[in-house]
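A.B. asks: What follows is a single structure, and I will ask about it in a moment.
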Amino acid sequence: MINVTIDGVRVEVPKGATILEAAQEAGIRIPTLCYLKKLSPIGSCRMCVVEVEGCTKPVTACDTPAGDGMVVTTDSEELREMRRDVLRLLLVRHPLDCPVCDKGGECDLQDLVYEFGVTAESYRTEPFERDVPRYVSPFIRQWPDRCVLCGRCVRACKEVKGVGCIQIVDNGFYSYIGPVPGVECISCGECLSVCPVGALTDSVHPTKARIWQAERVPTTCGYCGVGCQLELNVLNGEVIRVTTTDFDRAPNFGSLCVKGRFGWEFVNHPDRLEKPLVRKDGELKEATWDEALGLVARKLQEIKDEHGADAVGGLSSARCTNEENYLFQKFMRAVIGTNNVDHCARL
Amino acid sequence: MSETKNMIVNMGPQHPATHGVLRVVLELDGETVVRAIPHLGHLHRGLEKLAETKTYHQALTLTDRMDYTGALINNLGYCLAVEKLLGIEDQIPERATVLRVCLAELQRIAGHLLWLGTHALDIGAMTVLFYAFRERETIIDMLEDVTGARLTPSFVRIGGLAADAPPVFFEKARAFVKELPSRVDEYELLLTKNKIWRNRTEGIGIISQEECIQYSITGPVLRAAGVKWDLRKVQPYCGYETYDFEVPTGTVGDVYERYLVRLAEMRQSIRIVEQALDRMPDGPVMADVPEITPPPKETVYEDIGCLIRHFKLMSGGFKAPEGDVYMSVEATKGELGYYLVSDGSEKPYRFRVRPPCFINLQALEEMIKGRMVADVIAVIGSLDIVLGEIDR
């Protein structure tokens, strides 16, 4: 363990911890943009610059390991001005998109610009062409001109998903996020969920809503037994998007697969079965749950009486919870009285 | 001799002379008023509670809808309160402050004109209404030129004004300043020495200085009783201490003197407007405090930094520091105060209004006890109440 002093607060952190982690331990916030806990720090945005006693130049807090006895200052007028300058440079070619951008209201860049009071563009340049996106999937739209090149998407694709289908192409002012030749995108949306600005947007549902309009309902993904946590964005009783904003939440820490992130349209589908159907006179008709369950129970009883319990078999689903699966096998064994029970995941 | 019984009569809430939806329950002994209890709440909209759900910027529009005859002054008091809470009073541009004074005084004249016309109408002098509304219309037109709205402008903003006044306003205001004193002479010609008017108003609704102070009465009603108390003088804001004007007072405190005081106040207000027009400095009309005030609209269309600032301020609002503040202004009816409590969020934790009308109305019974029913109308008129503010 080593001792670090941050803005006059002494904290003890394990050896190898970065200055940013030490500051978090001390309860001091250092503004960041490219940093994300689950990704490797690269110190590219320079928002997290801090002054370290004995160092001639400010250092980036997210990728500089804290040293024993280090004395760090996280806020000074000079640092604020440096951060402002970083933001001014990021805004140089940023389009005037806030009113139409999906991310408006929950955009890290917006928050930082407002926080640091960057109002006038000090630098000017040629606008960036809003041309055809460099990489696309049916679910994700890229807006290259909104991109701040923080590299979160590139790292998330490579480090979290192990796919690595995108990279920063070209260099300097002309760099952009583009595809890696020969590596196919799996449309998992990991890049989308970590993008701090509106450079990657969800194109599944045509309706969009601001963060304060849509209700975000935390729920568990129903596709498999992992139990990924996600938020359904509900507007006027209709799901319009799936988001993951809590990167600390087990078991998925903000990651989802293509099904969890984009496969929710059935929820709003008009043909979706919402009530039990019972076949009467050769035709399926809507029934109450009491009626339907009563019928199933009666039929099972009849089969059991006529052919014995082993004439019934049960196949459970990975889309049910552990508790439901337990109850199902209990039901087969104790109520029906057979060991004919299996599960789709036991391949 | 047969036994008599007092009669209970509801005056209002649909009575045309109760100025809105006021219900006064009168206990009458024949024609004589024994008791008079104002029943309030018919126009209650829960404004103060509603304001707690709005950002500081959004809550501004609610203030228009209290005393809608003096909406700009309501805006002004609220904005001054928020500015005090934020500690940005010193950063308000000079032009904004002078324009605020100019508009507030015009609004005061408009408010008094509305009162004059309706008050005289209530007592039976119908002609005055048409004279008073002629000038009021001129003012409302001018306010429309500046603010775009006639009644509820929401024009005074936190940090300054929503926009600068167009050149046509200054032309019209200059002409109006010249014209109004002779118009006030006309009203006086119609009423001041009018025998019927004086019979209906002199010695009616008297309330003494001491009682006024006990009831916390403010505004022209207090001044007519002889108390020289005007917040513009005793607790100046917006640089009122630098303007040359008098505080007219009466001696008896009856309906007639309230009339005289208000007419004299119009003459004083026009002096203030004239001085404001003379000293009108150039410059911006909105303070430049990036985390609080919106940037100039033109810049929003071309500068992403300004666009973001505008977006964040309009969608989320600014956070005010924790604490509480009381700020009051001299509205047309008296002391209009705002008490705001902030919990550090972007919405007021508590938004409390000290309304002049509500408090002035409480003395109604005191003023009309023992008088005739017809005097109730004269007294209510002389209080100059607006139910939008009483009930809120």
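Every chain in the structure tokens takes a letter, A first, then B, and so on in the order presented; its residues are numbered from 1, and the ligands are numbered from 1 following the presented order.
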Just the residues within 10 Å of range 21-31 of chain B, please, counting only C-alpha atoms, with nothing from its chain fewer than 3 positions along; format it as JSON, numbers by chain.
C.D. replies: {"B": [4, 5, 6, 7, 8, 9, 10, 11, 12, 13, 14, 15, 16, 17, 18, 34, 35, 36, 37, 38, 39, 40, 41, 42, 43, 364, 365, 369, 370, 371, 372, 373, 374, 376, 385, 386, 387, 388, 390, 391]}
A.B. asks: Please provide the set of residues having any atom within 12 Å of Asp310 in chain A, restricted to only C-alpha atoms, with same-chain residues fewer than 4 positions apart removed, written as a ChimeraX atom specification.
C.D. replies: /A:300,303-306,314,332-333,336-341
A.B. asks: Go ahead and save the picked residues with C-alpha atoms, as an mmCIF file, in the first residue's frame.
C.D. replies:
```
data_model
loop_
_atom_site.group_PDB
_atom_site.id
_atom_site.type_symbol
_atom_site.label_atom_id
_atom_site.label_comp_id
_atom_site.auth_asym_id
_atom_site.auth_seq_id
_atom_site.Cartn_x
_atom_site.Cartn_y
_atom_site.Cartn_z
ATOM 1 C CA LEU A 300 -52.330 -33.926 -17.228
ATOM 2 C CA ILE A 303 -52.969 -38.754 -18.962
ATOM 3 C CA LYS A 304 -51.434 -39.707 -15.637
ATOM 4 C CA ASP A 305 -54.491 -41.733 -14.641
ATOM 5 C CA GLU A 306 -54.731 -43.488 -17.984
ATOM 6 C CA GLY A 314 -41.046 -31.893 -19.214
ATOM 7 C CA MET A 332 -42.441 -32.821 -12.551
ATOM 8 C CA ARG A 333 -40.952 -34.990 -9.813
ATOM 9 C CA ILE A 336 -46.553 -35.502 -11.696
ATOM 10 C CA GLY A 337 -44.233 -38.125 -10.262
ATOM 11 C CA THR A 338 -41.760 -38.692 -13.079
ATOM 12 C CA ASN A 339 -38.074 -38.178 -13.643
ATOM 13 C CA ASN A 340 -38.678 -37.299 -17.293
ATOM 14 C CA VAL A 341 -37.455 -33.735 -16.976
#
```
A.B. asks: Check range 107-204 of chain A with DSSP on the backbone and list each residue it calls strand (DSSP E), as a list in words.
C.D. replies: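 Restricting range 107-204 of chain A to strand (DSSP E) produces Ile140, Arg141, Gln142, Ile166, Gln167, Ile168, Val169, Tyr176, Ile177, Gly178, Pro179, Leu200, Thr201 and Asp202 of chain A.
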A.B. asks: Among the residues of range 9-245 of chain A, find those DSSP assigns to helix (DSSP H, G or I) from the backbone and print them as a PyMOL selection string.
C.D. replies: chain A and resi 19-25+77-91+108-115+144-146+152-160+172-174+190-194
A.B. asks: Counting only C-alpha atoms, which residues from chain B have an atom at most 7 Å from any atom of chain A, and could you show them as number ranges by chain?
C.D. replies: B: 290-291, 303-306, 308-309
A.B. asks: Mind writing the picked residues with N, CA, C and O atoms as a PDB file, in the first residue's frame?
C.D. replies:
```pdb
ATOM      1  N   PRO B 290     -21.784  32.436 -17.849  1.00  0.00           N
ATOM      2  CA  PRO B 290     -21.980  31.230 -18.654  1.00  0.00           C
ATOM      3  C   PRO B 290     -22.845  30.146 -18.005  1.00  0.00           C
ATOM      4  O   PRO B 290     -23.637  29.520 -18.683  1.00  0.00           O
ATOM      5  N   GLU B 291     -22.716  29.963 -16.680  1.00  0.00           N
ATOM      6  CA  GLU B 291     -23.469  28.849 -16.094  1.00  0.00           C
ATOM      7  C   GLU B 291     -24.905  29.249 -15.752  1.00  0.00           C
ATOM      8  O   GLU B 291     -25.680  28.405 -15.326  1.00  0.00           O
ATOM      9  N   ASP B 303     -22.221  28.968 -33.019  1.00  0.00           N
ATOM     10  CA  ASP B 303     -21.128  28.561 -32.142  1.00  0.00           C
ATOM     11  C   ASP B 303     -21.590  27.365 -31.303  1.00  0.00           C
ATOM     12  O   ASP B 303     -22.544  27.467 -30.541  1.00  0.00           O
ATOM     13  N   ILE B 304     -20.907  26.242 -31.453  1.00  0.00           N
ATOM     14  CA  ILE B 304     -21.324  25.026 -30.758  1.00  0.00           C
ATOM     15  C   ILE B 304     -21.255  25.215 -29.246  1.00  0.00           C
ATOM     16  O   ILE B 304     -22.107  24.711 -28.508  1.00  0.00           O
ATOM     17  N   GLY B 305     -20.271  25.978 -28.764  1.00  0.00           N
ATOM     18  CA  GLY B 305     -20.158  26.229 -27.326  1.00  0.00           C
ATOM     19  C   GLY B 305     -21.403  26.932 -26.805  1.00  0.00           C
ATOM     20  O   GLY B 305     -21.955  26.573 -25.767  1.00  0.00           O
ATOM     21  N   CYS B 306     -21.870  27.938 -27.560  1.00  0.00           N
ATOM     22  CA  CYS B 306     -23.062  28.678 -27.157  1.00  0.00           C
ATOM     23  C   CYS B 306     -24.309  27.815 -27.306  1.00  0.00           C
ATOM     24  O   CYS B 306     -25.234  27.890 -26.499  1.00  0.00           O
ATOM     25  N   ILE B 308     -24.459  24.593 -26.899  1.00  0.00           N
ATOM     26  CA  ILE B 308     -24.480  23.669 -25.755  1.00  0.00           C
ATOM     27  C   ILE B 308     -24.939  24.403 -24.494  1.00  0.00           C
ATOM     28  O   ILE B 308     -25.772  23.906 -23.735  1.00  0.00           O
ATOM     29  N   ARG B 309     -24.423  25.629 -24.300  1.00  0.00           N
ATOM     30  CA  ARG B 309     -24.807  26.412 -23.129  1.00  0.00           C
ATOM     31  C   ARG B 309     -26.318  26.664 -23.144  1.00  0.00           C
ATOM     32  O   ARG B 309     -27.002  26.503 -22.132  1.00  0.00           O
TER      33      ARG B 309
END
```
A.B. asks: Determine, counting only C-alpha atoms, which protein, DNA and RNA residues have an atom within 9 Å of an atom of Glu25 in chain A; residues of the same chain fewer than 4 positions away are not included. Present the result as a list in words.
C.D. replies: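 Final neighbour list, sorted by chain and number: Val11, Glu12, Val13, Leu20 and Glu21 of chain A.
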A.B. asks: Tell me which protein, DNA and RNA residues are within 10 Å of Glu215 in chain A, counting only C-alpha atoms, leaving out same-chain ones fewer than 3 positions away, and put them as a ChimeraX atom specification.
C.D. replies: /A:209-212,218,231-237,239
A.B. asks: Provide the CA of Leu80 in chain B to CA of Ala224 in chain B distance in Å, to one decimal place.
C.D. replies: 27.5 Å
A.B. asks: Using only C-alpha atoms, which residues sit within 9 Å of Ile177 in chain A once same-chain residues fewer than 3 positions away are excluded, as a list in words?
C.D. replies: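 The residues satisfying every condition are Arg134, Tyr135, Pro144, Cys147, Leu149, Gly151, Cys153, Val154, Ile166, Gln167, Ile168, Val169 and Asp170 of chain A.
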A.B. asks: Filtering to N, CA and C atoms, could you give me those residues as a tab-separated table (two decimals), in the first residue's frame?
C.D. replies:
```
chain	number	residue	atom	x	y	z
A	134	ARG	N	-18.51	5.57	-42.09
A	134	ARG	CA	-17.40	4.70	-42.49
A	134	ARG	C	-17.68	3.24	-42.16
A	135	TYR	N	-18.36	3.01	-41.06
A	135	TYR	CA	-18.75	1.63	-40.82
A	135	TYR	C	-20.19	1.63	-40.35
A	144	PRO	N	-19.68	10.50	-38.21
A	144	PRO	CA	-18.25	10.77	-38.02
A	144	PRO	C	-17.96	12.21	-37.58
A	147	CYS	N	-17.88	12.80	-33.79
A	147	CYS	CA	-16.93	11.98	-33.02
A	147	CYS	C	-15.84	12.83	-32.40
A	149	LEU	N	-13.14	11.20	-31.10
A	149	LEU	CA	-11.98	10.30	-31.19
A	149	LEU	C	-11.39	9.93	-29.84
A	151	GLY	N	-11.73	7.08	-28.56
A	151	GLY	CA	-11.27	5.70	-28.68
A	151	GLY	C	-11.96	4.72	-27.75
A	153	CYS	N	-14.88	3.33	-28.14
A	153	CYS	CA	-15.52	2.28	-28.95
A	153	CYS	C	-14.49	1.26	-29.43
A	154	VAL	N	-13.34	1.77	-29.85
A	154	VAL	CA	-12.29	0.89	-30.36
A	154	VAL	C	-11.83	-0.06	-29.26
A	166	ILE	N	-13.18	-2.39	-35.36
A	166	ILE	CA	-13.01	-0.97	-35.69
A	166	ILE	C	-11.68	-0.46	-35.17
A	167	GLN	N	-11.21	0.59	-35.81
A	167	GLN	CA	-9.93	1.17	-35.42
A	167	GLN	C	-9.93	2.65	-35.80
A	168	ILE	N	-8.92	3.36	-35.28
A	168	ILE	CA	-8.76	4.75	-35.70
A	168	ILE	C	-7.92	4.72	-36.97
A	169	VAL	N	-8.50	5.23	-38.04
A	169	VAL	CA	-7.86	5.19	-39.35
A	169	VAL	C	-7.28	6.57	-39.66
A	170	ASP	N	-6.19	6.60	-40.36
A	170	ASP	CA	-5.55	7.85	-40.77
A	170	ASP	C	-4.99	8.53	-39.52
```
